[in-house]
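Everything below belongs to final.tsv, which stores TSV, N, CA and C atoms and all ligand atoms.
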```tsv
chain	number	residue	atom	x	y	z
M	95	MET	N	129.42	110.70	65.14
M	95	MET	CA	128.50	110.25	66.20
M	95	MET	C	129.00	110.72	67.57
M	96	PRO	N	128.08	111.28	68.44
M	96	PRO	CA	128.53	111.73	69.77
M	96	PRO	C	128.89	110.53	70.64
M	97	ALA	N	129.78	110.73	71.59
M	97	ALA	CA	130.29	109.66	72.44
M	97	ALA	C	129.20	109.06	73.32
M	98	LYS	N	128.19	109.87	73.70
M	98	LYS	CA	127.17	109.37	74.64
M	98	LYS	C	126.31	108.24	74.08
M	99	ASP	N	126.24	108.12	72.75
M	99	ASP	CA	125.45	107.04	72.16
M	99	ASP	C	126.21	105.72	72.08
M	100	GLU	N	127.50	105.79	72.36
M	100	GLU	CA	128.30	104.57	72.26
M	100	GLU	C	128.07	103.67	73.48
M	101	LYS	N	127.92	102.39	73.20
M	101	LYS	CA	127.73	101.44	74.31
M	101	LYS	C	129.09	101.15	74.95
M	102	GLN	N	129.06	101.21	76.29
M	102	GLN	CA	130.31	100.94	77.01
M	102	GLN	C	130.11	99.73	77.92
M	103	PRO	N	131.13	98.92	78.05
M	103	PRO	CA	131.00	97.79	78.99
M	103	PRO	C	130.93	98.30	80.43
M	104	ILE	N	130.21	97.57	81.28
M	104	ILE	CA	130.09	97.98	82.69
M	104	ILE	C	131.41	97.69	83.40
M	105	THR	N	131.98	98.74	83.93
M	105	THR	CA	133.26	98.61	84.64
M	105	THR	C	132.99	98.36	86.12
M	106	PRO	N	133.94	97.82	86.88
M	106	PRO	CA	133.75	97.61	88.33
M	106	PRO	C	133.38	98.91	89.04
M	107	GLU	N	133.92	100.04	88.56
M	107	GLU	CA	133.60	101.33	89.17
M	107	GLU	C	132.12	101.66	88.99
M	108	MET	N	131.59	101.37	87.80
M	108	MET	CA	130.17	101.63	87.51
M	108	MET	C	129.28	100.74	88.40
M	109	LEU	N	129.72	99.50	88.58
M	109	LEU	CA	128.96	98.56	89.40
M	109	LEU	C	128.86	99.06	90.84
M	110	GLU	N	129.99	99.59	91.34
M	110	GLU	CA	130.02	100.17	92.69
M	110	GLU	C	129.05	101.33	92.81
M	111	MET	N	129.06	102.15	91.76
M	111	MET	CA	128.21	103.33	91.75
M	111	MET	C	126.73	102.90	91.73
M	112	MET	N	126.41	101.84	90.97
M	112	MET	CA	125.03	101.36	90.90
M	112	MET	C	124.57	100.84	92.27
M	113	LYS	N	125.46	100.14	92.95
M	113	LYS	CA	125.14	99.64	94.29
M	113	LYS	C	124.86	100.79	95.25
M	114	ALA	N	125.72	101.82	95.15
M	114	ALA	CA	125.57	103.00	96.02
M	114	ALA	C	124.24	103.69	95.75
M	115	MET	N	123.85	103.77	94.49
M	115	MET	CA	122.59	104.41	94.13
M	115	MET	C	121.41	103.60	94.65
M	116	LYS	N	121.53	102.26	94.56
M	116	LYS	CA	120.45	101.39	95.02
M	116	LYS	C	120.22	101.60	96.52
M	117	SER	N	121.33	101.74	97.26
M	117	SER	CA	121.22	101.90	98.72
M	117	SER	C	120.55	103.23	99.08
M	118	ILE	N	120.62	104.18	98.16
M	118	ILE	CA	119.94	105.46	98.41
M	118	ILE	C	118.43	105.27	98.30
M	119	PHE	N	118.02	104.44	97.34
M	119	PHE	CA	116.58	104.26	97.11
M	119	PHE	C	115.95	103.28	98.09
M	120	VAL	N	116.72	102.33	98.61
M	120	VAL	CA	116.17	101.40	99.60
M	120	VAL	C	116.23	102.07	100.96
M	121	ASP	N	115.06	102.33	101.51
M	121	ASP	CA	114.98	103.01	102.78
M	121	ASP	C	115.28	102.01	103.91
M	122	GLU	N	116.46	102.11	104.47
M	122	GLU	CA	116.86	101.14	105.49
M	122	GLU	C	116.04	101.28	106.77
M	123	GLU	N	115.64	102.52	107.08
M	123	GLU	CA	114.81	102.74	108.26
M	123	GLU	C	113.46	102.04	108.10
M	124	ASP	N	112.94	102.16	106.87
M	124	ASP	CA	111.66	101.55	106.57
M	124	ASP	C	111.77	100.02	106.68
M	125	GLU	N	112.89	99.49	106.16
M	125	GLU	CA	113.11	98.03	106.23
M	125	GLU	C	113.18	97.58	107.69
M	126	ALA	N	113.86	98.36	108.53
M	126	ALA	CA	114.01	98.02	109.94
M	126	ALA	C	112.65	98.06	110.64
M	127	ARG	N	111.84	99.06	110.27
M	127	ARG	CA	110.51	99.20	110.85
M	127	ARG	C	109.63	98.01	110.46
M	128	LYS	N	109.72	97.62	109.17
M	128	LYS	CA	108.93	96.48	108.70
M	128	LYS	C	109.34	95.20	109.42
M	129	LYS	N	110.66	95.05	109.63
M	129	LYS	CA	111.17	93.86	110.32
M	129	LYS	C	110.64	93.83	111.75
M	130	GLU	N	110.67	95.01	112.39
M	130	GLU	CA	110.18	95.13	113.76
M	130	GLU	C	108.70	94.75	113.85
M	131	GLU	N	107.93	95.23	112.86
M	131	GLU	CA	106.49	94.93	112.82
M	131	GLU	C	106.24	93.43	112.64
M	132	ARG	N	107.07	92.82	111.76
M	132	ARG	CA	106.93	91.37	111.53
M	132	ARG	C	107.20	90.61	112.82
M	133	GLU	N	108.25	91.03	113.54
M	133	GLU	CA	108.61	90.37	114.79
M	133	GLU	C	107.52	90.56	115.84
M	134	LEU	N	106.95	91.78	115.87
M	134	LEU	CA	105.89	92.08	116.83
M	134	LEU	C	104.67	91.22	116.56
M	135	ARG	N	104.32	91.09	115.27
M	135	ARG	CA	103.17	90.26	114.89
M	135	ARG	C	103.40	88.81	115.28
M	136	ALA	N	104.63	88.33	115.07
M	136	ALA	CA	104.97	86.95	115.44
M	136	ALA	C	104.84	86.76	116.95
M	137	LYS	N	105.29	87.76	117.71
M	137	LYS	CA	105.19	87.69	119.18
M	137	LYS	C	103.72	87.68	119.60
M	138	GLU	N	102.91	88.51	118.94
M	138	GLU	CA	101.48	88.57	119.26
M	138	GLU	C	100.81	87.23	118.96
M	139	ARG	N	101.20	86.62	117.82
M	139	ARG	CA	100.65	85.31	117.46
M	139	ARG	C	101.00	84.28	118.54
M	140	ASP	N	102.25	84.30	118.98
M	140	ASP	CA	102.71	83.36	120.01
M	140	ASP	C	101.94	83.56	121.31
M	141	ALA	N	101.78	84.84	121.70
M	141	ALA	CA	101.07	85.16	122.94
M	141	ALA	C	99.63	84.68	122.86
M	142	LYS	N	99.00	84.88	121.70
M	142	LYS	CA	97.61	84.49	121.51
M	142	LYS	C	97.48	82.96	121.59
M	143	ALA	N	98.43	82.26	120.97
M	143	ALA	CA	98.42	80.80	120.99
M	143	ALA	C	98.56	80.29	122.42
M	144	ARG	N	99.46	80.95	123.19
M	144	ARG	CA	99.64	80.55	124.59
M	144	ARG	C	98.38	80.81	125.39
M	145	GLN	N	97.74	81.98	125.15
M	145	GLN	CA	96.51	82.32	125.87
M	145	GLN	C	95.40	81.33	125.54
M	146	ASN	N	95.31	80.94	124.27
M	146	ASN	CA	94.30	79.96	123.86
M	146	ASN	C	94.51	78.64	124.58
M	147	ALA	N	95.78	78.24	124.71
M	147	ALA	CA	96.11	76.99	125.39
M	147	ALA	C	95.69	77.07	126.85
M	148	ILE	N	95.94	78.24	127.48
M	148	ILE	CA	95.57	78.45	128.88
M	148	ILE	C	94.04	78.42	129.01
M	149	ASP	N	93.35	79.10	128.07
M	149	ASP	CA	91.89	79.13	128.10
M	149	ASP	C	91.31	77.72	128.01
M	150	ARG	N	91.90	76.91	127.11
M	150	ARG	CA	91.42	75.52	126.96
M	150	ARG	C	91.60	74.77	128.26
M	151	GLU	N	92.78	75.00	128.89
M	151	GLU	CA	93.10	74.32	130.14
M	151	GLU	C	92.13	74.73	131.25
M	152	THR	N	91.90	76.06	131.40
M	152	THR	CA	91.00	76.54	132.46
M	152	THR	C	89.58	76.04	132.20
M	153	GLU	N	89.17	76.00	130.94
M	153	GLU	CA	87.82	75.51	130.61
M	153	GLU	C	87.70	74.04	131.02
M	154	GLN	N	88.75	73.26	130.75
M	154	GLN	CA	88.74	71.85	131.14
M	154	GLN	C	88.70	71.72	132.66
M	155	GLN	N	89.46	72.57	133.36
M	155	GLN	CA	89.49	72.53	134.82
M	155	GLN	C	88.13	72.93	135.38
M	156	ARG	N	87.52	73.96	134.75
M	156	ARG	CA	86.21	74.44	135.18
M	156	ARG	C	85.17	73.32	135.02
M	157	MET	N	85.22	72.64	133.85
M	157	MET	CA	84.28	71.56	133.58
M	157	MET	C	84.48	70.41	134.56
M	158	ALA	N	85.75	70.12	134.86
M	158	ALA	CA	86.07	69.03	135.80
M	158	ALA	C	85.57	69.39	137.20
M	159	ALA	N	85.75	70.66	137.60
M	159	ALA	CA	85.31	71.12	138.91
M	159	ALA	C	83.78	71.05	138.99
M	160	LYS	N	83.10	71.49	137.92
M	160	LYS	CA	81.64	71.49	137.86
M	160	LYS	C	81.12	70.05	137.98
M	161	LYS	N	81.79	69.13	137.25
M	161	LYS	CA	81.40	67.74	137.26
M	161	LYS	C	81.56	67.16	138.67
M	162	ALA	N	82.69	67.50	139.32
M	162	ALA	CA	82.96	67.00	140.67
M	162	ALA	C	81.90	67.51	141.65
M	163	ILE	N	81.53	68.79	141.52
M	163	ILE	CA	80.50	69.38	142.39
M	163	ILE	C	79.17	68.67	142.17
M	164	GLN	N	78.81	68.46	140.89
M	164	GLN	CA	77.53	67.83	140.57
M	164	GLN	C	77.49	66.38	141.05
M	165	GLU	N	78.66	65.71	140.98
M	165	GLU	CA	78.69	64.32	141.41
M	165	GLU	C	78.59	64.19	142.93
M	166	SER	N	79.11	65.20	143.65
M	166	SER	CA	79.06	65.12	145.11
M	166	SER	C	77.77	65.74	145.67
M	167	CYS	N	77.04	66.50	144.84
M	167	CYS	CA	75.81	67.15	145.28
M	167	CYS	C	74.69	66.11	145.40
M	168	LEU	N	73.94	66.21	146.47
M	168	LEU	CA	72.82	65.28	146.68
M	168	LEU	C	71.53	65.84	146.08
M	169	HIS	N	71.59	67.07	145.60
M	169	HIS	CA	70.44	67.77	145.02
M	169	HIS	C	69.28	67.79	146.03
M	170	GLN	N	69.64	67.98	147.29
M	170	GLN	CA	68.62	67.99	148.35
M	170	GLN	C	68.71	69.24	149.20
M	171	ARG	N	67.58	69.56	149.83
M	171	ARG	CA	67.55	70.67	150.77
M	171	ARG	C	68.06	70.18	152.11
M	172	GLU	N	68.10	71.09	153.08
M	172	GLU	CA	68.57	70.70	154.42
M	172	GLU	C	67.67	69.65	155.06
M	173	ASP	N	66.37	69.65	154.70
M	173	ASP	CA	65.45	68.66	155.27
M	173	ASP	C	65.45	67.36	154.47
M	174	ASN	N	66.44	67.19	153.60
M	174	ASN	CA	66.64	65.97	152.81
M	174	ASN	C	65.59	65.74	151.72
M	175	THR	N	64.77	66.75	151.45
M	175	THR	CA	63.85	66.59	150.32
M	175	THR	C	64.58	67.04	149.06
M	176	TYR	N	64.15	66.51	147.94
M	176	TYR	CA	64.84	66.85	146.70
M	176	TYR	C	64.62	68.29	146.30
M	177	ASN	N	65.69	68.91	145.94
M	177	ASN	CA	65.66	70.31	145.53
M	177	ASN	C	65.84	70.37	144.02
M	178	LEU	N	64.86	69.78	143.36
M	178	LEU	CA	64.95	69.77	141.89
M	178	LEU	C	63.78	70.52	141.30
M	179	HIS	N	64.09	71.40	140.38
M	179	HIS	CA	63.05	72.20	139.75
M	179	HIS	C	62.76	71.60	138.39
M	180	GLY	N	61.49	71.20	138.24
M	180	GLY	CA	61.10	70.58	136.97
M	180	GLY	C	60.54	71.60	136.00
M	181	GLN	N	60.78	71.32	134.74
M	181	GLN	CA	60.21	72.18	133.70
M	181	GLN	C	59.80	71.27	132.54
M	182	ARG	N	58.56	71.46	132.11
M	182	ARG	CA	58.10	70.62	131.02
M	182	ARG	C	58.50	71.26	129.69
M	183	GLY	N	59.21	70.48	128.90
M	183	GLY	CA	59.66	70.99	127.60
M	183	GLY	C	58.57	70.87	126.57
M	184	CYS	N	58.83	71.37	125.39
M	184	CYS	CA	57.81	71.35	124.33
M	184	CYS	C	57.50	69.93	123.87
M	185	ASP	N	58.39	68.98	124.21
M	185	ASP	CA	58.14	67.58	123.85
M	185	ASP	C	57.31	66.87	124.92
M	186	GLY	N	56.89	67.63	125.98
M	186	GLY	CA	56.05	67.06	127.03
M	186	GLY	C	56.85	66.38	128.12
M	187	GLN	N	58.16	66.26	127.94
M	187	GLN	CA	59.02	65.61	128.94
M	187	GLN	C	59.44	66.63	129.99
M	188	VAL	N	59.51	66.15	131.23
M	188	VAL	CA	59.93	67.04	132.32
M	188	VAL	C	61.46	66.96	132.48
M	189	ARG	N	62.07	68.11	132.53
M	189	ARG	CA	63.51	68.19	132.79
M	189	ARG	C	63.68	68.76	134.18
M	190	PHE	N	64.65	68.21	134.90
M	190	PHE	CA	64.92	68.70	136.24
M	190	PHE	C	66.26	69.40	136.31
M	191	MET	N	66.29	70.43	137.16
M	191	MET	CA	67.56	71.10	137.38
M	191	MET	C	67.75	71.33	138.87
M	192	CYS	N	68.96	71.11	139.34
M	192	CYS	CA	69.30	71.37	140.73
M	192	CYS	C	69.85	72.79	140.81
M	193	PRO	N	69.20	73.67	141.60
M	193	PRO	CA	69.68	75.06	141.67
M	193	PRO	C	71.01	75.19	142.42
M	194	LEU	N	71.41	74.15	143.12
M	194	LEU	CA	72.67	74.22	143.87
M	194	LEU	C	73.88	73.96	142.97
M	195	CYS	N	73.81	72.88	142.21
M	195	CYS	CA	74.97	72.53	141.39
M	195	CYS	C	74.71	72.73	139.90
M	196	LEU	N	73.49	73.13	139.57
M	196	LEU	CA	73.07	73.39	138.19
M	196	LEU	C	73.09	72.14	137.30
M	197	ALA	N	73.06	70.98	137.95
M	197	ALA	CA	73.00	69.74	137.17
M	197	ALA	C	71.63	69.66	136.52
M	198	GLN	N	71.60	69.17	135.30
M	198	GLN	CA	70.33	69.03	134.60
M	198	GLN	C	70.06	67.56	134.34
M	199	PHE	N	68.83	67.18	134.55
M	199	PHE	CA	68.44	65.79	134.33
M	199	PHE	C	67.39	65.76	133.25
M	200	VAL	N	67.80	65.30	132.12
M	200	VAL	CA	66.90	65.24	130.97
M	200	VAL	C	66.56	63.76	130.76
M	201	PRO	N	65.43	63.49	130.09
M	201	PRO	CA	65.10	62.09	129.82
M	201	PRO	C	66.29	61.41	129.13
M	202	GLY	N	66.64	60.23	129.61
M	202	GLY	CA	67.79	59.53	129.04
M	202	GLY	C	68.99	59.59	129.97
M	203	HIS	N	68.95	60.53	130.92
M	203	HIS	CA	70.03	60.63	131.92
M	203	HIS	C	69.94	59.37	132.80
M	204	PRO	N	71.08	58.76	133.15
M	204	PRO	CA	71.04	57.52	133.94
M	204	PRO	C	70.25	57.62	135.25
M	205	GLN	N	70.22	58.81	135.85
M	205	GLN	CA	69.51	58.97	137.13
M	205	GLN	C	68.09	59.50	136.95
M	206	TYR	N	67.72	59.83	135.70
M	206	TYR	CA	66.46	60.53	135.45
M	206	TYR	C	65.23	59.78	136.01
M	207	ASN	N	65.05	58.51	135.62
M	207	ASN	CA	63.87	57.76	136.04
M	207	ASN	C	63.81	57.61	137.55
M	208	ASP	N	64.97	57.36	138.15
M	208	ASP	CA	65.05	57.20	139.60
M	208	ASP	C	64.66	58.52	140.29
M	209	LEU	N	65.20	59.62	139.81
M	209	LEU	CA	64.91	60.93	140.41
M	209	LEU	C	63.46	61.32	140.24
M	210	ILE	N	62.90	61.10	139.05
M	210	ILE	CA	61.51	61.52	138.81
M	210	ILE	C	60.58	60.72	139.73
M	211	ARG	N	60.92	59.44	139.97
M	211	ARG	CA	60.12	58.59	140.85
M	211	ARG	C	60.21	59.12	142.29
M	212	ARG	N	61.43	59.43	142.73
M	212	ARG	CA	61.63	59.92	144.10
M	212	ARG	C	60.97	61.29	144.33
M	213	VAL	N	61.15	62.18	143.37
M	213	VAL	CA	60.57	63.52	143.50
M	213	VAL	C	59.05	63.44	143.52
M	214	SER	N	58.46	62.58	142.64
M	214	SER	CA	56.99	62.47	142.62
M	214	SER	C	56.48	61.87	143.92
M	215	SER	N	57.14	60.83	144.44
M	215	SER	CA	56.65	60.19	145.66
M	215	SER	C	56.80	61.15	146.84
M	216	GLU	N	57.87	61.95	146.81
M	216	GLU	CA	58.08	62.95	147.85
M	216	GLU	C	56.93	63.97	147.84
M	217	ARG	N	56.60	64.45	146.63
M	217	ARG	CA	55.55	65.46	146.53
M	217	ARG	C	54.19	64.89	146.89
M	218	LEU	N	53.95	63.62	146.48
M	218	LEU	CA	52.68	62.97	146.84
M	218	LEU	C	52.59	62.81	148.34
M	219	GLY	N	53.74	62.42	148.96
M	219	GLY	CA	53.81	62.23	150.41
M	219	GLY	C	53.51	63.51	151.13
M	220	ASN	N	54.10	64.62	150.64
M	220	ASN	CA	53.86	65.94	151.25
M	220	ASN	C	52.40	66.32	151.11
M	221	ALA	N	51.79	66.01	149.95
M	221	ALA	CA	50.40	66.38	149.71
M	221	ALA	C	49.48	65.63	150.67
M	222	ARG	N	49.85	64.36	150.95
M	222	ARG	CA	49.02	63.55	151.87
M	222	ARG	C	49.11	64.11	153.29
M	223	GLN	N	50.31	64.58	153.63
M	223	GLN	CA	50.50	65.11	155.00
M	223	GLN	C	49.67	66.36	155.26
M	224	VAL	N	49.41	67.13	154.21
M	224	VAL	CA	48.68	68.40	154.39
M	224	VAL	C	47.23	68.14	154.76
M	301	ZN	ZN	72.73	69.34	142.84
```
Can you present the structure in this file as structure tokens?
Amino acid sequence: MPAKDEKQPITPEMLEMMKAMKSIFVDEEDEARKKEERELRAKERDAKARQNAIDRETEQQRMAAKKAIQESCLHQREDNTYNLHGQRGCDGQVRFMCPLCLAQFVPGHPQYNDLIRRVSSERLGNARQV
């Protein structure tokens, strides 16, 4: 029988050689590149999360500023008449909007009935004056 068919125990030298061969097949540059890409993706995720947090904050600030403007707005022109533009919706209800602060008054709004009464009496008053 030829010697090559004989089974031999793995010697420490053979183990070293196997490790050396494995390191030839594992592309270390490729591994480093993959690691870099993973880190870059993680950084991008973090940046996106931070940006989302900022966006939420600015949106809240914008909404708060809009609310403050609408609350301080009298929805009136310089001559103190109401500057509300009404639009009749498909349900037959009139909705009002202030072009200055963009506040909308829909039926059910706490000020709606009061405003519709004031705007109508104002318009009736103006009509009588003409
Ligand atoms: Zn207004």
Determine which residues of chain M receive a DSSP assignment of alpha helix (DSSP H), computed from the backbone, and state them as number ranges by chain.
M: 106-119, 122-166, 206-223
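For Gln187 of chain M, the list of residues within 8 Å, based on all atoms listed in the file and with local chain neighbours fewer than 6 positions off taken out, reads Gly180, Gln181, Val200 and Pro201 of chain M.
Considering only N, CA and C atoms and all ligand atoms, the residue among M:Glu172, M:Glu138, M:Glu165, M:Asp208 positioned nearest to ligand ZN 301 (chain M) is M:Glu165.
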Residues within 6 Å of ligand ZN 301 (chain M), counting only C-alpha atoms and all ligand atoms: report them as a PyMOL selection string.
chain M and resi 164+167-169+192+194-195+197
Expected answer as a PyMOL selection string: strand (DSSP E) residues in segment 97-224 of chain M:
chain M and resi 179-182+188-191+198-199
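With atom CA of Arg189 of chain M on one side and atom N of Arg211 of chain M on the other, the separation reads 11.6 Å.
Shortest separation to Lys161 of chain M among M:Gln198, M:Glu100, M:Glu123, M:Ala114 occurs at residue M:Gln198, atoms counted being only C-alpha atoms.
Take atom CA of Glu107 of chain M and atom CA of Asp121 of chain M: the distance between them is 23.1 Å.
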Give me, please, the distance in Å between atom CA of Leu209 of chain M and atom N of Pro193 of chain M, quoted to one decimal.
13.5 Å
Non-local contacts of segment 174-176 of chain M (8 Å; all atoms listed in the file; under 3 positions in same chain excluded) as a ChimeraX atom specification:
/M:168-171,179,192,212-213,216-217
Looking at M:Phe190, M:Ala158, M:Lys137, M:Lys113, which one is nearest to Asn177 of chain M, with distances taken over all atoms listed in the file?
M:Phe190
